[in-house]
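Engineer: The file below is data39.tsv, TSV, C-alpha atoms:
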chain	number	residue	atom	x	y	z
A	21	MET	CA	94.72	-22.52	11.30
A	22	ALA	CA	96.33	-24.90	13.76
A	23	ASP	CA	98.73	-23.93	16.53
A	24	PRO	CA	102.14	-22.96	15.03
A	25	VAL	CA	103.89	-25.93	16.66
A	26	SER	CA	101.02	-28.40	16.49
A	27	THR	CA	99.86	-30.85	13.83
A	28	PRO	CA	96.79	-33.12	13.87
A	29	LEU	CA	98.99	-36.16	14.50
A	30	GLU	CA	100.79	-34.44	17.38
A	31	ASP	CA	97.42	-33.42	18.81
A	32	ALA	CA	96.13	-36.99	18.57
A	33	ARG	CA	99.24	-38.39	20.26
A	34	THR	CA	99.10	-35.75	23.00
A	35	ARG	CA	95.57	-36.78	23.90
A	36	LEU	CA	96.49	-40.46	23.71
A	37	LYS	CA	99.40	-39.87	26.13
A	38	GLU	CA	97.10	-38.14	28.60
A	39	ALA	CA	94.71	-41.12	28.49
A	40	THR	CA	97.41	-43.81	28.81
A	41	ASP	CA	98.99	-41.94	31.72
A	42	LEU	CA	95.61	-41.75	33.46
A	43	LEU	CA	95.08	-45.47	32.89
A	44	GLY	CA	98.57	-46.33	34.14
A	45	CYS	CA	99.64	-47.94	30.84
A	46	ASP	CA	103.31	-48.78	30.30
A	47	PRO	CA	105.36	-47.06	27.56
A	48	GLY	CA	105.10	-50.14	25.34
A	49	MET	CA	101.31	-49.93	25.20
A	50	TYR	CA	101.50	-46.22	24.39
A	51	ALA	CA	103.95	-46.99	21.58
A	52	ILE	CA	101.60	-49.60	20.11
A	53	LEU	CA	98.64	-47.19	20.15
A	54	ALA	CA	100.61	-44.14	18.96
A	55	ASN	CA	101.56	-45.86	15.70
A	56	ALA	CA	99.51	-47.32	12.88
A	57	THR	CA	99.27	-51.06	12.32
A	58	ARG	CA	99.53	-50.69	8.54
A	59	GLU	CA	100.11	-47.84	6.08
A	60	LEU	CA	99.99	-47.81	2.30
A	61	THR	CA	101.03	-44.98	-0.03
A	62	VAL	CA	100.14	-45.38	-3.70
A	63	SER	CA	100.70	-43.55	-6.97
A	64	ILE	CA	97.60	-42.91	-9.06
A	65	PRO	CA	98.32	-42.24	-12.75
A	66	LEU	CA	95.39	-40.32	-14.22
A	67	ARG	CA	94.67	-39.78	-17.89
A	68	ARG	CA	92.97	-36.38	-18.00
A	69	ASP	CA	90.16	-35.65	-20.42
A	70	ASP	CA	92.64	-33.82	-22.67
A	71	ASP	CA	94.77	-37.01	-22.83
A	72	SER	CA	97.56	-35.60	-20.65
A	73	ILE	CA	98.88	-37.76	-17.80
A	74	GLU	CA	99.01	-36.64	-14.19
A	75	VAL	CA	100.22	-38.67	-11.21
A	76	LEU	CA	98.40	-38.23	-7.91
A	77	THR	CA	99.26	-39.65	-4.47
A	78	GLY	CA	96.87	-41.67	-2.32
A	79	TYR	CA	97.03	-43.12	1.19
A	80	ARG	CA	95.27	-45.73	3.32
A	81	VAL	CA	96.17	-46.02	6.99
A	82	GLN	CA	94.86	-48.72	9.32
A	83	HIS	CA	95.57	-47.49	12.81
A	84	ASN	CA	94.34	-50.41	14.92
A	85	VAL	CA	92.44	-53.66	14.36
A	86	ALA	CA	92.45	-55.13	17.88
A	87	ARG	CA	88.65	-54.84	18.18
A	88	GLY	CA	87.64	-55.72	14.62
A	89	PRO	CA	88.14	-54.77	10.97
A	90	ALA	CA	89.37	-51.28	10.17
A	91	LYS	CA	86.79	-48.61	9.34
A	92	GLY	CA	87.17	-45.08	8.07
A	93	GLY	CA	86.43	-42.53	5.40
A	94	LEU	CA	88.11	-41.60	2.13
A	95	ARG	CA	89.02	-37.92	1.76
A	96	TYR	CA	89.71	-36.03	-1.50
A	97	SER	CA	91.41	-32.74	-0.69
A	98	PRO	CA	94.43	-30.77	-1.92
A	99	ASN	CA	95.65	-30.66	1.69
A	100	VAL	CA	95.69	-34.43	2.28
A	101	HIS	CA	99.04	-35.72	3.59
A	102	LEU	CA	100.15	-38.85	5.39
A	103	ASP	CA	100.31	-37.41	8.92
A	104	GLU	CA	96.79	-36.04	8.61
A	105	VAL	CA	95.52	-39.45	7.51
A	106	ARG	CA	97.37	-41.08	10.43
A	107	ALA	CA	95.68	-38.72	12.90
A	108	LEU	CA	92.23	-39.24	11.40
A	109	ALA	CA	92.70	-43.02	11.51
A	110	MET	CA	93.64	-42.83	15.19
A	111	TRP	CA	90.58	-40.73	16.00
A	112	MET	CA	88.44	-43.34	14.23
A	113	THR	CA	89.84	-46.05	16.51
A	114	TRP	CA	88.75	-44.10	19.60
A	115	LYS	CA	85.38	-43.24	18.06
A	116	CYS	CA	84.55	-46.87	17.30
A	117	ALA	CA	85.70	-48.00	20.75
A	118	LEU	CA	83.79	-45.27	22.57
A	119	LEU	CA	80.53	-46.17	20.81
A	120	ASP	CA	81.27	-49.90	21.24
A	121	VAL	CA	81.23	-50.52	17.49
A	122	PRO	CA	83.33	-53.64	16.69
A	123	TYR	CA	85.79	-51.88	14.40
A	124	GLY	CA	89.26	-50.42	14.51
A	125	GLY	CA	90.15	-47.08	12.94
A	126	ALA	CA	91.29	-46.40	9.39
A	127	LYS	CA	91.39	-43.47	6.99
A	128	GLY	CA	92.16	-42.90	3.35
A	129	GLY	CA	92.94	-39.89	1.23
A	130	VAL	CA	93.98	-38.66	-2.18
A	131	THR	CA	95.78	-35.35	-2.59
A	132	ILE	CA	93.44	-33.79	-5.13
A	133	ASP	CA	91.05	-30.84	-5.39
A	134	PRO	CA	87.93	-32.58	-6.75
A	135	ARG	CA	86.48	-29.26	-7.95
A	136	GLU	CA	89.22	-29.07	-10.57
A	137	TYR	CA	88.39	-32.44	-12.16
A	138	SER	CA	85.51	-33.74	-14.27
A	139	GLN	CA	83.20	-36.51	-13.10
A	140	ARG	CA	84.85	-38.91	-15.53
A	141	GLU	CA	88.29	-38.03	-14.20
A	142	LEU	CA	87.17	-38.53	-10.59
A	143	GLU	CA	85.79	-41.93	-11.52
A	144	ARG	CA	89.14	-42.93	-13.02
A	145	VAL	CA	90.98	-41.68	-9.91
A	146	THR	CA	88.65	-43.63	-7.63
A	147	ARG	CA	88.87	-46.87	-9.59
A	148	ARG	CA	92.67	-46.74	-9.82
A	149	TYR	CA	92.99	-45.84	-6.12
A	150	THR	CA	90.69	-48.74	-5.23
A	151	SER	CA	92.72	-51.12	-7.37
A	152	GLU	CA	95.95	-50.01	-5.69
A	153	ILE	CA	94.67	-50.44	-2.11
A	154	MET	CA	92.66	-53.59	-2.86
A	155	PRO	CA	95.14	-55.93	-1.10
A	156	ILE	CA	94.31	-54.36	2.28
A	157	ILE	CA	90.57	-53.58	2.03
A	158	GLY	CA	87.53	-55.84	2.16
A	159	PRO	CA	84.34	-56.42	4.19
A	160	GLU	CA	86.29	-58.37	6.82
A	161	THR	CA	89.47	-56.26	6.81
A	162	ASP	CA	88.86	-52.56	6.05
A	163	ILE	CA	85.62	-50.85	5.02
A	164	PRO	CA	85.90	-47.33	3.48
A	165	ALA	CA	83.17	-44.67	3.62
A	166	PRO	CA	82.66	-41.13	2.26
A	167	ASP	CA	84.44	-38.14	3.81
A	168	VAL	CA	85.42	-34.62	2.74
A	169	GLY	CA	85.39	-34.36	-1.06
A	170	THR	CA	83.82	-37.79	-1.65
A	171	SER	CA	80.23	-39.00	-1.86
A	172	GLU	CA	77.95	-42.00	-2.22
A	173	GLN	CA	78.88	-41.99	-5.91
A	174	THR	CA	82.54	-42.43	-4.94
A	175	MET	CA	81.55	-45.41	-2.82
A	176	ALA	CA	79.56	-46.90	-5.71
A	177	TRP	CA	82.67	-46.76	-7.91
A	178	MET	CA	84.77	-48.32	-5.15
A	179	MET	CA	82.28	-51.13	-4.59
A	180	ASP	CA	82.00	-51.82	-8.31
A	181	THR	CA	85.79	-51.87	-8.82
A	182	TYR	CA	86.31	-54.23	-5.89
A	183	SER	CA	83.40	-56.47	-6.95
A	184	MET	CA	84.54	-56.67	-10.59
A	185	ASN	CA	87.96	-57.84	-9.46
A	186	LYS	CA	86.46	-60.47	-7.14
A	187	GLY	CA	83.92	-61.68	-9.70
A	188	TYR	CA	80.70	-61.03	-7.75
A	189	SER	CA	78.93	-58.14	-6.00
A	190	ILE	CA	80.21	-57.37	-2.49
A	191	PRO	CA	78.07	-54.53	-1.04
A	192	ALA	CA	79.70	-54.75	2.41
A	193	VAL	CA	83.11	-53.60	1.14
A	194	VAL	CA	82.11	-49.93	1.60
A	195	THR	CA	79.44	-47.99	3.46
A	196	GLY	CA	77.72	-44.74	2.55
A	197	LYS	CA	76.60	-46.29	-0.77
A	198	PRO	CA	73.46	-45.34	-2.71
A	199	ILE	CA	70.34	-47.11	-1.44
A	200	SER	CA	69.89	-48.87	-4.78
A	201	ILE	CA	73.08	-50.93	-4.33
A	202	GLY	CA	72.84	-51.77	-0.64
A	203	GLY	CA	73.14	-48.48	1.21
A	204	SER	CA	71.26	-47.91	4.46
A	205	LEU	CA	68.32	-45.61	4.96
A	206	GLY	CA	69.38	-42.77	7.25
A	207	ARG	CA	73.11	-43.03	6.46
A	208	ALA	CA	73.40	-39.73	4.56
A	209	THR	CA	72.24	-37.61	7.50
A	210	SER	CA	73.48	-39.80	10.35
A	211	THR	CA	76.54	-37.76	11.35
A	212	SER	CA	74.54	-34.53	11.44
A	213	GLU	CA	71.68	-36.17	13.32
A	214	GLY	CA	74.09	-37.59	15.88
A	215	VAL	CA	75.70	-34.18	16.40
A	216	VAL	CA	72.33	-32.65	17.20
A	217	HIS	CA	71.28	-35.50	19.51
A	218	ILE	CA	74.44	-34.79	21.52
A	219	ALA	CA	74.03	-31.01	21.31
A	220	LEU	CA	70.48	-31.16	22.67
A	221	ALA	CA	71.57	-33.48	25.50
A	222	ALA	CA	74.49	-31.19	26.38
A	223	LEU	CA	72.27	-28.12	26.45
A	224	ARG	CA	69.62	-29.77	28.62
A	225	ASP	CA	72.12	-31.31	31.05
A	226	ASN	CA	73.62	-27.87	31.54
A	227	GLY	CA	70.27	-26.22	32.27
A	228	ILE	CA	69.82	-24.56	28.88
A	229	ASP	CA	66.46	-24.81	27.10
A	230	PRO	CA	67.21	-25.66	23.44
A	231	THR	CA	64.13	-23.74	22.25
A	232	ARG	CA	65.54	-20.59	23.87
A	233	SER	CA	69.07	-21.14	22.58
A	234	THR	CA	71.21	-19.61	19.86
A	235	ALA	CA	73.59	-21.58	17.65
A	236	ALA	CA	76.35	-20.97	15.11
A	237	VAL	CA	77.51	-23.60	12.63
A	238	GLN	CA	80.92	-23.37	10.96
A	239	GLY	CA	80.86	-25.37	7.74
A	240	PHE	CA	77.76	-25.93	5.61
A	241	GLY	CA	78.78	-29.18	3.97
A	242	LYS	CA	78.01	-32.84	4.64
A	243	VAL	CA	77.88	-32.46	8.42
A	244	GLY	CA	77.24	-28.77	9.04
A	245	ARG	CA	74.30	-28.37	6.70
A	246	GLY	CA	72.42	-31.28	8.22
A	247	ALA	CA	73.34	-30.18	11.75
A	248	ALA	CA	72.02	-26.69	11.08
A	249	GLN	CA	68.81	-28.14	9.64
A	250	PHE	CA	68.22	-30.56	12.54
A	251	ALA	CA	69.01	-27.81	15.08
A	252	PHE	CA	66.58	-25.47	13.28
A	253	GLU	CA	63.88	-28.16	13.36
A	254	ALA	CA	64.52	-28.74	17.08
A	255	GLY	CA	63.73	-25.10	17.78
A	256	LEU	CA	67.19	-23.60	18.15
A	257	LYS	CA	67.76	-20.15	16.68
A	258	VAL	CA	70.62	-20.63	14.19
A	259	VAL	CA	72.06	-17.10	13.99
A	260	ALA	CA	75.19	-17.78	11.94
A	261	VAL	CA	76.56	-20.24	9.38
A	262	SER	CA	79.62	-20.26	7.15
A	263	ASP	CA	81.33	-22.21	4.40
A	264	GLU	CA	84.75	-21.92	2.77
A	265	TYR	CA	83.61	-18.86	0.79
A	266	GLY	CA	82.18	-16.73	3.62
A	267	GLY	CA	79.64	-16.48	6.40
A	268	LEU	CA	76.20	-15.18	7.33
A	269	PHE	CA	74.65	-13.64	10.44
A	270	ASN	CA	71.09	-12.82	11.43
A	271	ALA	CA	70.37	-12.12	15.11
A	272	ALA	CA	66.72	-13.07	14.56
A	273	GLY	CA	67.71	-16.46	13.16
A	274	ILE	CA	68.40	-17.82	9.68
A	275	ASP	CA	65.79	-19.84	7.81
A	276	ILE	CA	67.91	-22.93	7.15
A	277	GLU	CA	65.47	-24.44	4.65
A	278	LYS	CA	65.60	-21.30	2.48
A	279	LEU	CA	69.39	-21.14	2.89
A	280	GLY	CA	69.65	-24.75	1.73
A	281	ALA	CA	67.73	-23.89	-1.44
A	282	HIS	CA	70.07	-20.94	-2.04
A	283	VAL	CA	73.15	-23.18	-1.63
A	284	ASP	CA	71.69	-25.76	-4.03
A	285	GLU	CA	71.28	-23.00	-6.61
A	286	THR	CA	74.55	-21.08	-6.13
A	287	GLY	CA	76.97	-23.49	-4.46
A	288	SER	CA	77.64	-21.28	-1.45
A	289	VAL	CA	75.99	-19.53	1.49
A	290	VAL	CA	77.40	-16.23	0.19
A	291	GLY	CA	74.79	-13.86	-1.19
A	292	PHE	CA	71.83	-15.27	0.74
A	293	SER	CA	69.29	-12.46	1.17
A	294	GLY	CA	68.03	-13.64	4.57
A	295	ALA	CA	71.19	-12.63	6.48
A	296	GLU	CA	74.08	-10.19	6.42
A	297	ALA	CA	77.62	-11.12	5.43
A	298	LEU	CA	79.98	-12.26	8.15
A	299	ASP	CA	83.65	-13.20	8.09
A	300	GLY	CA	83.89	-16.97	8.45
A	301	HIS	CA	86.51	-16.76	11.22
A	302	ALA	CA	84.42	-14.22	13.16
A	303	LEU	CA	81.63	-16.80	13.42
A	304	LEU	CA	83.72	-18.80	15.90
A	305	GLU	CA	83.83	-15.85	18.30
A	306	LEU	CA	80.11	-14.99	18.39
A	307	GLU	CA	78.26	-14.92	21.70
A	308	VAL	CA	76.02	-17.97	21.29
A	309	ASP	CA	74.86	-20.86	23.46
A	310	LEU	CA	76.02	-23.53	21.02
A	311	LEU	CA	78.90	-23.54	18.54
A	312	ILE	CA	79.25	-26.42	16.07
A	313	PRO	CA	82.59	-26.41	14.20
A	314	ALA	CA	81.81	-28.77	11.31
A	315	ALA	CA	84.54	-28.06	8.76
A	316	VAL	CA	88.17	-29.16	9.21
A	317	GLU	CA	90.70	-29.75	11.97
A	318	GLY	CA	92.56	-27.07	13.93
A	319	VAL	CA	90.14	-24.13	13.49
A	320	ILE	CA	89.99	-23.40	17.24
A	321	HIS	CA	93.53	-22.76	18.44
A	322	GLU	CA	95.51	-20.82	21.03
A	323	LEU	CA	95.17	-17.55	19.12
A	324	ASN	CA	91.37	-17.43	18.91
A	325	ALA	CA	90.34	-19.59	21.90
A	326	PRO	CA	90.52	-16.61	24.34
A	327	ASN	CA	87.90	-14.83	22.20
A	328	ILE	CA	85.40	-17.69	21.98
A	329	LYS	CA	82.21	-16.94	23.91
A	330	ALA	CA	80.04	-20.00	23.20
A	331	LYS	CA	78.83	-21.83	26.31
A	332	ILE	CA	78.95	-25.26	24.62
A	333	ILE	CA	81.04	-26.42	21.66
A	334	VAL	CA	79.98	-29.64	19.94
A	335	GLU	CA	82.62	-30.84	17.49
A	336	GLY	CA	81.01	-31.83	14.21
A	337	ALA	CA	84.41	-31.94	12.48
A	338	ASN	CA	87.35	-34.19	13.35
A	339	GLY	CA	89.96	-32.43	15.49
A	340	PRO	CA	88.67	-28.84	15.23
A	341	THR	CA	90.10	-27.89	18.65
A	342	THR	CA	93.81	-28.10	19.41
A	343	PRO	CA	95.11	-29.22	22.84
A	344	SER	CA	96.32	-25.71	23.74
A	345	ALA	CA	92.89	-24.30	22.85
A	346	ASP	CA	91.26	-27.00	24.97
A	347	ALA	CA	93.18	-25.83	28.03
A	348	ILE	CA	92.13	-22.22	27.43
A	349	LEU	CA	88.48	-23.13	26.92
A	350	GLU	CA	88.40	-25.37	30.00
A	351	ALA	CA	89.85	-22.59	32.13
A	352	LYS	CA	87.08	-20.28	30.87
A	353	GLY	CA	84.39	-22.80	31.79
A	354	CYS	CA	83.43	-23.57	28.19
A	355	ILE	CA	82.08	-27.10	27.71
A	356	VAL	CA	83.61	-28.92	24.71
A	357	VAL	CA	81.96	-32.13	23.53
A	358	PRO	CA	84.74	-33.99	21.66
A	359	ASP	CA	84.58	-35.19	18.08
A	360	ILE	CA	84.95	-38.88	18.94
A	361	LEU	CA	81.57	-38.65	20.66
A	362	ALA	CA	79.80	-35.79	18.89
A	363	ASN	CA	80.23	-36.87	15.28
A	364	ALA	CA	80.10	-40.63	15.78
A	365	GLY	CA	76.65	-40.94	14.20
A	366	GLY	CA	78.18	-41.63	10.81
A	367	VAL	CA	80.22	-44.62	11.92
A	368	ILE	CA	77.27	-45.99	13.90
A	369	VAL	CA	75.00	-46.05	10.85
A	370	SER	CA	77.90	-47.23	8.69
A	371	TYR	CA	78.09	-50.18	11.07
A	372	PHE	CA	74.33	-50.68	10.67
A	373	GLU	CA	74.77	-50.59	6.87
A	374	TRP	CA	77.58	-53.16	7.02
A	375	VAL	CA	75.46	-55.45	9.20
A	376	GLN	CA	72.52	-55.13	6.80
A	377	ALA	CA	74.70	-55.82	3.76
A	378	ASN	CA	76.20	-58.92	5.36
A	379	GLN	CA	72.72	-60.21	6.22
A	380	ALA	CA	71.13	-59.04	2.93
A	381	TYR	CA	68.30	-57.71	5.07
A	382	TRP	CA	67.58	-53.98	5.24
A	383	TRP	CA	65.97	-52.07	8.11
A	384	ARG	CA	63.27	-49.40	8.03
A	385	GLU	CA	64.42	-45.78	8.39
A	386	ASP	CA	62.69	-45.39	11.75
A	387	GLU	CA	64.58	-48.46	13.03
A	388	VAL	CA	67.90	-46.94	11.95
A	389	GLU	CA	67.09	-43.57	13.51
A	390	SER	CA	65.87	-44.98	16.84
A	391	ARG	CA	68.95	-47.22	17.17
A	392	LEU	CA	71.21	-44.28	16.31
A	393	GLU	CA	69.59	-42.09	18.98
A	394	GLU	CA	69.87	-44.89	21.55
A	395	ARG	CA	73.59	-45.38	20.85
A	396	MET	CA	74.40	-41.66	20.88
A	397	LEU	CA	72.51	-40.83	24.08
A	398	GLY	CA	73.86	-43.94	25.82
A	399	ALA	CA	77.42	-42.87	24.98
A	400	TRP	CA	76.70	-39.31	26.13
A	401	ALA	CA	75.47	-40.58	29.50
A	402	ARG	CA	78.55	-42.79	29.98
A	403	VAL	CA	80.99	-40.00	29.10
A	404	HIS	CA	79.12	-37.37	31.11
A	405	ASP	CA	78.99	-39.57	34.23
A	406	TYR	CA	82.64	-40.69	33.88
A	407	ALA	CA	83.80	-37.08	33.53
A	408	LYS	CA	81.79	-35.96	36.56
A	409	ALA	CA	82.93	-38.87	38.76
A	410	ARG	CA	86.63	-38.39	37.95
A	411	LYS	CA	86.62	-34.61	37.54
A	412	LEU	CA	87.76	-34.84	33.91
A	413	SER	CA	86.83	-32.81	30.86
A	414	LEU	CA	84.42	-34.48	28.47
A	415	ARG	CA	87.31	-35.00	26.04
A	416	GLY	CA	89.48	-36.53	28.73
A	417	ALA	CA	86.65	-38.84	29.77
A	418	ALA	CA	85.75	-39.86	26.21
A	419	THR	CA	89.35	-40.53	25.18
A	420	THR	CA	90.13	-42.45	28.35
A	421	LEU	CA	87.02	-44.66	28.03
A	422	ALA	CA	87.84	-45.35	24.38
A	423	VAL	CA	91.53	-46.05	24.95
A	424	GLN	CA	90.69	-48.32	27.88
A	425	ARG	CA	88.57	-50.54	25.61
A	426	VAL	CA	91.33	-50.81	23.03
A	427	VAL	CA	93.96	-51.50	25.70
A	428	GLU	CA	91.78	-54.28	27.13
A	429	ALA	CA	91.55	-55.86	23.68
A	430	HIS	CA	95.33	-55.76	23.28
A	431	VAL	CA	95.96	-57.20	26.74
A	432	ILE	CA	93.50	-60.05	26.20
A	433	ARG	CA	94.81	-60.85	22.73
A	434	GLY	CA	98.50	-60.56	23.70
A	435	VAL	CA	101.43	-59.64	21.48
A	436	TYR	CA	102.11	-61.78	18.40
A	437	PRO	CA	104.28	-63.84	18.03
In structure tokens, how does this file's structure come out?

Structural biologist:
Amino acid sequence: MADPVSTPLEDARTRLKEATDLLGCDPGMYAILANATRELTVSIPLRRDDDSIEVLTGYRVQHNVARGPAKGGLRYSPNVHLDEVRALAMWMTWKCALLDVPYGGAKGGVTIDPREYSQRELERVTRRYTSEIMPIIGPETDIPAPDVGTSEQTMAWMMDTYSMNKGYSIPAVVTGKPISIGGSLGRATSTSEGVVHIALAALRDNGIDPTRSTAAVQGFGKVGRGAAQFAFEAGLKVVAVSDEYGGLFNAAGIDIEKLGAHVDETGSVVGFSGAEALDGHALLELEVDLLIPAAVEGVIHELNAPNIKAKIIVEGANGPTTPSADAILEAKGCIVVPDILANAGGVIVSYFEWVQANQAYWWREDEVESRLEERMLGAWARVHDYAKARKLSLRGAATTLAVQRVVEAHVIRGVYP
């Protein structure tokens, strides 16, 4: 749960205000960056498999395009609403700027619980949504990607719908596609891999041996599952994991490969014989070296932050820590590596995929992985050094560096007309 008086958009604007104040920006620049460049809300009529008609609501928000075309995921969730999409789009702007990827931030969403719909129904939703937002997307304007509740199959439907309307195949219109239609090797695991690159760097730079460390991962989905697996392979003892149905704990460490097989068979971590049951919320308060919140926003807030004992938190999810929780954790000496740095691996390899699609020339997997590691560790070094030199938190340093790049682009370009 988020703070009672806080929303993701308010959190995003609070952190933006802190950065613009530090940079000495005038109120006009803050106003430009606090609001989206373009927003679109669409109705999505869906014919269900039983021939009934249902109308869903979809959104696409382009927060900023000063540094390049908009880029951001498409989320299918019953909790999707416009302010959430606005916040996620803003975070994408900072993420792209921080990693020096030539994009601005965007985000899309449909208010739907995909578990309650058939594959055929989800295809119809995706194709109609794509048709409705087609005027504002494209390989040179806005490039969607998978997010919560969507997949590479969703991106294949989007690409096909867009291409059919244009009359020829346009692989670069989306990223996170299947390899067979222009996806990039390494894209599926890139966010998780990036999280662990950053986690290992944070542990080492704070004098903690990763092979003697304990970790807990909240969320065992697209990001959390891969992060747990990569951490396990790197020698960390993953003592706890959770998903939306429940959690697990084993002080001796959980075999993540066996857990993955269990989840593939049952659909949840619950019931895994290699660990005891644990309340999902209790996982956040375990005494571990590394905590990776990899589910949704606002899970670390002012009510539970005083009880968090992890030495280092690496944000696999977008916005999992509220501003009030940040202040509590900083006062306790807990190191929080912010989302715009920690989970940027996905947008980096999405950028690689877009480049490859535009060139019609695909890279080897080892090339993708080495370039991802280089980008992630380079960004970590810049943020770490900036924070140390200016006595800022890692979040303050990352946000300020990112906002500074976007501000520079606006100043150089000027205000139209």

Engineer: Interatomic distance between atom CA of A:Thr181 and atom CA of A:Thr150?

Structural biologist: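 It comes out at 6.8 Å.
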
Engineer: Can you list, as a short mmCIF file (atom, residue, chain, number, x, y, z; two decimals) with C-alpha atoms, in the coordinates of the input, every protein, DNA or RNA residue that comes within 10 Å of A:Tyr149 when you count all atoms listed in the file, leaving out same-chain residues fewer than 3 positions away?

Structural biologist:
data_model
loop_
_atom_site.label_atom_id
_atom_site.label_comp_id
_atom_site.auth_asym_id
_atom_site.auth_seq_id
_atom_site.Cartn_x
_atom_site.Cartn_y
_atom_site.Cartn_z
CA VAL A 62 100.14 -45.38 -3.70
CA SER A 63 100.70 -43.55 -6.97
CA ILE A 64 97.60 -42.91 -9.06
CA PRO A 65 98.32 -42.24 -12.75
CA LEU A 76 98.40 -38.23 -7.91
CA THR A 77 99.26 -39.65 -4.47
CA GLY A 78 96.87 -41.67 -2.32
CA TYR A 79 97.03 -43.12 1.19
CA ARG A 80 95.27 -45.73 3.32
CA GLY A 128 92.16 -42.90 3.35
CA GLY A 129 92.94 -39.89 1.23
CA VAL A 130 93.98 -38.66 -2.18
CA GLU A 143 85.79 -41.93 -11.52
CA ARG A 144 89.14 -42.93 -13.02
CA VAL A 145 90.98 -41.68 -9.91
CA THR A 146 88.65 -43.63 -7.63
CA GLU A 152 95.95 -50.01 -5.69
CA ILE A 153 94.67 -50.44 -2.11
CA MET A 154 92.66 -53.59 -2.86
CA MET A 178 84.77 -48.32 -5.15
CA THR A 181 85.79 -51.87 -8.82
#

Engineer: Atom CA of A:Thr170 to atom CA of A:Val194: how many Å, to one decimal?

Structural biologist: 12.7 Å

Engineer: Could you give me, as JSON, numbers by chain, the residues within 10 Å of stretch 234-237 of chain A, counting all atoms listed in the file and dropping anything in the same chain fewer than 2 positions from it?

Structural biologist: {"A": [230, 231, 232, 239, 240, 243, 244, 245, 247, 248, 251, 252, 255, 256, 257, 258, 259, 260, 261, 262, 263, 267, 268, 269, 271, 272, 273, 303, 304, 305, 306, 307, 308, 309, 310, 311, 312, 313, 314, 315, 330, 332, 333, 334, 336]}

Engineer: Taking C-alpha atoms for each residue, export the selection above as a PDB file, in the frame of the given file.

Structural biologist:
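Below is the file that was written, part09.pdb:
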ATOM      1  CA  PRO A 230      67.210 -25.660  23.440  1.00  0.00           C
ATOM      2  CA  THR A 231      64.130 -23.740  22.250  1.00  0.00           C
ATOM      3  CA  ARG A 232      65.540 -20.590  23.870  1.00  0.00           C
ATOM      4  CA  GLY A 239      80.860 -25.370   7.740  1.00  0.00           C
ATOM      5  CA  PHE A 240      77.760 -25.930   5.610  1.00  0.00           C
ATOM      6  CA  VAL A 243      77.880 -32.460   8.420  1.00  0.00           C
ATOM      7  CA  GLY A 244      77.240 -28.770   9.040  1.00  0.00           C
ATOM      8  CA  ARG A 245      74.300 -28.370   6.700  1.00  0.00           C
ATOM      9  CA  ALA A 247      73.340 -30.180  11.750  1.00  0.00           C
ATOM     10  CA  ALA A 248      72.020 -26.690  11.080  1.00  0.00           C
ATOM     11  CA  ALA A 251      69.010 -27.810  15.080  1.00  0.00           C
ATOM     12  CA  PHE A 252      66.580 -25.470  13.280  1.00  0.00           C
ATOM     13  CA  GLY A 255      63.730 -25.100  17.780  1.00  0.00           C
ATOM     14  CA  LEU A 256      67.190 -23.600  18.150  1.00  0.00           C
ATOM     15  CA  LYS A 257      67.760 -20.150  16.680  1.00  0.00           C
ATOM     16  CA  VAL A 258      70.620 -20.630  14.190  1.00  0.00           C
ATOM     17  CA  VAL A 259      72.060 -17.100  13.990  1.00  0.00           C
ATOM     18  CA  ALA A 260      75.190 -17.780  11.940  1.00  0.00           C
ATOM     19  CA  VAL A 261      76.560 -20.240   9.380  1.00  0.00           C
ATOM     20  CA  SER A 262      79.620 -20.260   7.150  1.00  0.00           C
ATOM     21  CA  ASP A 263      81.330 -22.210   4.400  1.00  0.00           C
ATOM     22  CA  GLY A 267      79.640 -16.480   6.400  1.00  0.00           C
ATOM     23  CA  LEU A 268      76.200 -15.180   7.330  1.00  0.00           C
ATOM     24  CA  PHE A 269      74.650 -13.640  10.440  1.00  0.00           C
ATOM     25  CA  ALA A 271      70.370 -12.120  15.110  1.00  0.00           C
ATOM     26  CA  ALA A 272      66.720 -13.070  14.560  1.00  0.00           C
ATOM     27  CA  GLY A 273      67.710 -16.460  13.160  1.00  0.00           C
ATOM     28  CA  LEU A 303      81.630 -16.800  13.420  1.00  0.00           C
ATOM     29  CA  LEU A 304      83.720 -18.800  15.900  1.00  0.00           C
ATOM     30  CA  GLU A 305      83.830 -15.850  18.300  1.00  0.00           C
ATOM     31  CA  LEU A 306      80.110 -14.990  18.390  1.00  0.00           C
ATOM     32  CA  GLU A 307      78.260 -14.920  21.700  1.00  0.00           C
ATOM     33  CA  VAL A 308      76.020 -17.970  21.290  1.00  0.00           C
ATOM     34  CA  ASP A 309      74.860 -20.860  23.460  1.00  0.00           C
ATOM     35  CA  LEU A 310      76.020 -23.530  21.020  1.00  0.00           C
ATOM     36  CA  LEU A 311      78.900 -23.540  18.540  1.00  0.00           C
ATOM     37  CA  ILE A 312      79.250 -26.420  16.070  1.00  0.00           C
ATOM     38  CA  PRO A 313      82.590 -26.410  14.200  1.00  0.00           C
ATOM     39  CA  ALA A 314      81.810 -28.770  11.310  1.00  0.00           C
ATOM     40  CA  ALA A 315      84.540 -28.060   8.760  1.00  0.00           C
ATOM     41  CA  ALA A 330      80.040 -20.000  23.200  1.00  0.00           C
ATOM     42  CA  ILE A 332      78.950 -25.260  24.620  1.00  0.00           C
ATOM     43  CA  ILE A 333      81.040 -26.420  21.660  1.00  0.00           C
ATOM     44  CA  VAL A 334      79.980 -29.640  19.940  1.00  0.00           C
ATOM     45  CA  GLY A 336      81.010 -31.830  14.210  1.00  0.00           C
TER      46      GLY A 336
END
